[in-house]
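Printed here is run-v9.txt (compact mmCIF, C-alpha atoms):
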```txt
# COMPACT_ATOMS: atom_id res chain seq x y z
CA MET A 100 -17.57 22.54 13.92
CA ALA A 101 -14.99 22.15 11.17
CA PHE A 102 -11.36 21.73 12.21
CA PHE A 103 -8.52 23.38 10.31
CA GLU A 104 -4.91 24.50 10.47
CA LYS A 105 -3.56 27.23 8.22
CA THR A 106 -0.03 26.82 6.84
CA LEU A 107 2.04 29.94 7.57
CA ALA A 108 5.45 28.68 6.41
CA SER A 109 6.99 25.49 5.06
CA GLU A 110 10.66 24.49 5.05
CA VAL A 111 12.01 21.38 3.29
CA LYS A 112 14.45 19.62 5.63
CA TYR A 113 15.28 16.64 3.41
CA GLU A 114 14.52 15.60 -0.16
CA GLY A 115 15.34 12.07 -1.27
CA SER A 116 14.44 9.83 -4.16
CA ILE A 117 11.17 8.55 -2.64
CA LEU A 118 10.22 11.07 0.01
CA ARG A 119 10.55 14.64 1.20
CA VAL A 120 10.49 15.82 4.82
CA ARG A 121 9.28 19.29 5.66
CA ARG A 122 8.63 21.34 8.79
CA ASP A 123 5.59 23.57 8.58
CA THR A 124 4.50 26.39 10.84
CA VAL A 125 0.73 26.40 11.21
CA GLU A 126 -1.89 28.61 12.76
CA LEU A 127 -4.33 26.70 14.93
CA GLN A 128 -8.05 27.43 15.26
CA ASN A 129 -7.47 29.40 18.45
CA GLY A 130 -4.86 31.64 16.79
CA ASP A 131 -1.83 29.94 18.36
CA THR A 132 0.99 28.64 16.19
CA ALA A 133 2.49 25.15 16.15
CA PHE A 134 4.92 23.09 14.10
CA ARG A 135 4.07 20.08 11.94
CA GLU A 136 6.66 17.65 10.60
CA VAL A 137 5.42 16.02 7.39
CA VAL A 138 6.76 13.23 5.22
CA ASP A 139 5.60 13.74 1.62
CA HIS A 140 5.37 10.58 -0.50
CA THR A 141 3.88 10.00 -3.96
CA GLY A 142 1.72 7.18 -2.63
CA GLY A 143 1.39 3.62 -3.76
CA VAL A 144 -0.78 0.61 -4.39
CA GLY A 145 -1.36 -2.79 -2.84
CA ILE A 146 -2.82 -5.64 -4.90
CA ILE A 147 -4.44 -8.76 -3.55
CA GLY A 148 -4.80 -11.26 -6.35
CA VAL A 149 -6.81 -14.46 -6.31
CA THR A 150 -6.02 -17.22 -8.80
CA PRO A 151 -8.87 -19.21 -10.39
CA ASP A 152 -8.12 -22.07 -7.95
CA GLY A 153 -8.35 -19.74 -4.92
CA ARG A 154 -4.69 -19.15 -4.18
CA VAL A 155 -3.44 -15.69 -3.19
CA PRO A 156 0.12 -14.78 -4.27
CA MET A 157 1.87 -12.93 -1.45
CA VAL A 158 5.40 -11.57 -1.29
CA ARG A 159 7.91 -12.10 1.49
CA GLN A 160 10.68 -9.54 1.62
CA PHE A 161 13.12 -7.88 3.99
CA ARG A 162 12.02 -4.49 5.32
CA TYR A 163 15.04 -2.49 6.44
CA PRO A 164 13.29 -0.11 8.90
CA PHE A 165 12.21 -3.12 10.98
CA MET A 166 15.24 -5.32 10.19
CA ALA A 167 12.86 -8.18 9.52
CA GLU A 168 11.02 -10.01 6.78
CA THR A 169 7.35 -9.25 6.21
CA LEU A 170 4.62 -11.06 4.33
CA GLU A 171 2.69 -8.59 2.20
CA VAL A 172 0.41 -8.23 -0.77
CA PRO A 173 2.32 -7.20 -3.90
CA ALA A 174 2.72 -3.44 -3.79
CA GLY A 175 4.64 -0.52 -5.16
CA LYS A 176 5.22 3.19 -5.30
CA LEU A 177 3.35 5.46 -7.67
CA GLU A 178 5.54 7.28 -10.15
CA ARG A 179 4.81 11.02 -10.37
CA GLY A 180 1.65 11.49 -12.44
CA GLU A 181 0.93 7.75 -12.64
CA GLU A 182 -2.65 6.57 -12.15
CA PRO A 183 -3.10 4.05 -9.30
CA LEU A 184 -4.65 1.37 -11.54
CA GLN A 185 -1.74 1.66 -13.99
CA CYS A 186 0.65 1.18 -11.07
CA ALA A 187 -1.34 -1.84 -9.82
CA VAL A 188 -1.12 -3.54 -13.22
CA ARG A 189 2.64 -2.89 -13.37
CA GLU A 190 3.44 -3.97 -9.81
CA LEU A 191 1.38 -7.19 -9.93
CA SER A 192 3.24 -8.22 -13.07
CA GLU A 193 6.68 -7.14 -11.83
CA GLU A 194 6.47 -8.87 -8.45
CA THR A 195 4.45 -12.01 -9.24
CA GLY A 196 4.35 -12.36 -13.02
CA TYR A 197 0.56 -12.42 -12.99
CA THR A 198 -1.73 -10.36 -15.19
CA ALA A 199 -5.35 -9.84 -14.22
CA GLY A 200 -8.42 -9.99 -16.39
CA ARG A 201 -10.21 -7.74 -13.93
CA PHE A 202 -9.23 -5.25 -11.23
CA VAL A 203 -11.65 -4.14 -8.51
CA SER A 204 -10.92 -1.04 -6.46
CA LEU A 205 -10.98 -1.75 -2.72
CA GLY A 206 -10.60 1.94 -1.88
CA SER A 207 -7.69 3.77 -0.35
CA LEU A 208 -6.11 4.26 3.06
CA LEU A 209 -3.94 6.79 4.84
CA PRO A 210 -1.24 4.66 6.50
CA SER A 211 -0.14 7.20 9.10
CA PRO A 212 -1.97 10.55 8.70
CA GLY A 213 -0.41 12.11 11.80
CA TYR A 214 2.84 12.81 9.98
CA CYS A 215 2.83 11.19 6.54
CA ALA A 216 1.11 12.58 3.42
CA GLU A 217 0.78 9.22 1.66
CA THR A 218 -2.28 7.55 0.16
CA LEU A 219 -2.28 3.85 -0.65
CA TYR A 220 -4.79 2.49 -3.18
CA LEU A 221 -5.93 -1.12 -2.80
CA TYR A 222 -7.02 -3.42 -5.62
CA LEU A 223 -8.40 -6.91 -5.91
CA ALA A 224 -7.01 -8.65 -9.01
CA LEU A 225 -9.15 -11.44 -10.46
CA ASP A 226 -9.02 -13.80 -13.43
CA LEU A 227 -5.25 -14.10 -13.01
CA THR A 228 -3.02 -15.49 -15.74
CA PRO A 229 0.48 -16.62 -14.71
CA GLY A 230 3.59 -15.20 -16.29
CA ARG A 231 7.17 -14.39 -15.40
CA ALA A 232 8.05 -11.89 -12.67
CA HIS A 233 10.49 -9.12 -13.57
CA LEU A 234 11.69 -7.50 -10.36
CA ASP A 235 13.50 -4.19 -10.13
CA GLU A 236 17.27 -4.72 -9.82
CA ASP A 237 17.23 -3.69 -6.13
CA GLU A 238 14.20 -5.82 -5.27
CA PHE A 239 14.49 -9.26 -3.67
CA LEU A 240 11.41 -11.23 -2.69
CA ASN A 241 9.79 -14.64 -2.69
CA VAL A 242 6.23 -15.32 -3.85
CA GLU A 243 4.25 -17.56 -1.48
CA TYR A 244 0.69 -18.80 -1.83
CA TYR A 245 -2.09 -18.81 0.75
CA THR A 246 -5.86 -19.04 0.77
CA LEU A 247 -8.02 -16.12 1.89
CA PRO A 248 -9.19 -18.03 5.00
CA GLN A 249 -5.53 -18.66 5.94
CA LEU A 250 -4.71 -14.97 5.45
CA HIS A 251 -7.80 -13.93 7.42
CA ASP A 252 -6.62 -16.06 10.36
CA MET A 253 -3.11 -14.61 10.05
CA ALA A 254 -4.51 -11.05 10.01
CA MET A 255 -6.63 -11.67 13.08
CA SER A 256 -3.85 -13.43 15.02
CA GLY A 257 -1.31 -10.68 14.33
CA ALA A 258 0.89 -12.83 12.10
CA LEU A 259 0.28 -10.29 9.31
CA THR A 260 1.50 -6.90 10.52
CA ASP A 261 1.57 -4.78 7.36
CA ALA A 262 -1.46 -2.44 7.45
CA LYS A 263 -2.20 -2.44 3.72
CA THR A 264 -2.02 -6.23 3.67
CA VAL A 265 -4.37 -6.71 6.62
CA LEU A 266 -6.88 -4.29 5.12
CA ALA A 267 -6.60 -5.78 1.62
CA VAL A 268 -7.21 -9.30 2.98
CA LEU A 269 -10.29 -8.31 4.95
CA LYS A 270 -11.76 -6.12 2.19
CA ALA A 271 -11.14 -8.76 -0.50
CA GLU A 272 -12.78 -11.41 1.65
CA ILE A 273 -15.86 -9.24 2.18
CA TYR A 274 -16.03 -8.23 -1.48
CA LEU A 275 -15.85 -11.82 -2.71
CA ARG A 276 -18.40 -12.98 -0.13
CA ASP A 277 -20.85 -10.25 -1.16
CA GLU A 278 -20.23 -10.85 -4.88
CA LYS A 279 -21.53 -14.45 -4.62
```
So that I can check it, write out the structure of this file as structure tokens.
Amino acid sequence: MAFFEKTLASEVKYEGSILRVRRDTVELQNGDTAFREVVDHTGGVGIIGVTPDGRVPMVRQFRYPFMAETLEVPAGKLERGEEPLQCAVRELSEETGYTAGRFVSLGSLLPSPGYCAETLYLYLALDLTPGRAHLDEDEFLNVEYYTLPQLHDMAMSGALTDAKTVLAVLKAEIYLRDEK
């Protein structure tokens, strides 16, 4: 049996610079109606890079919704019409200064599909060459280096809490193991 909900009406409640919130009226499979609140977002990318000597550049930054710092893979928002790989190249360079000789797609994820229409694309960046970071003017972060085994342990212990980061670490580790 295929599940579906038919949109009957849609009303934008808020439109900001990075997201839009709407309230939709939907018809359910049984003919009843219900409301759905949806956050529309252009999506983004997360990049886990590995240097030739096995170090992984991570970014530590303050995340306002949680009023705390998080340790994450470099990441960023897709501009309208931008291809995910193009965004990955840009964000890796902006946040860490690195350029990659090779990018490997690690797939995509839906961070919170119950209410948010956002897709995040994950990439593994290899054959890294160092350079100079060039952050956006409203972006403040520190680059820290870890090994994949360290990050794996942090993901499994709960020390890494960002979903895209946990998934990127585990997928990169599996990809690199299988590539050998």
Considering only C-alpha atoms, return as a list in words whatever protein or nucleic-acid residues lie within 7 Å of Gly145 of chain A, sequence-local ones (same chain, fewer than 4 positions apart) excluded.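 Within the cut-off, the hits are Val172, Pro173, Ala174, Gly175, Tyr220, Leu221, Tyr222 and Lys263 of chain A.
Nearest residue to Thr218 of chain A, choosing from A:Ser116, A:Ser256, A:Thr141, A:Thr106 and counting only C-alpha atoms: A:Thr141.
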Top pick for closest residue to Gln249 of chain A, considering A:Arg154, A:Lys176, A:Arg201, A:Lys279 and counting all atoms listed in the file: A:Arg154
Straight-line distance linking atom CA of Asn241 of chain A with atom CA of Met157 of chain A, stated in Å to one decimal: 8.2 Å
For Asp261 of chain A, the nearest of the candidates A:Arg121, A:Arg159, A:His140, A:Arg179, counting only C-alpha atoms: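 Among A:Arg121, A:Arg159, A:His140, A:Arg179, it is A:Arg159 that comes nearest to Asp261 of chain A.
When all atoms listed in the file are used to compute distances to Leu247 of chain A, the closest of the residues A:Asp152, A:Glu190, A:Glu278, A:Asp139 turns out to be A:Asp152.
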Between A:Gly213, A:Gly142, A:Glu110, A:Lys105, which one has atoms that come closest to Glu126 of chain A, using only C-alpha atoms?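 For Glu126 of chain A, the nearest of the candidates is A:Lys105.
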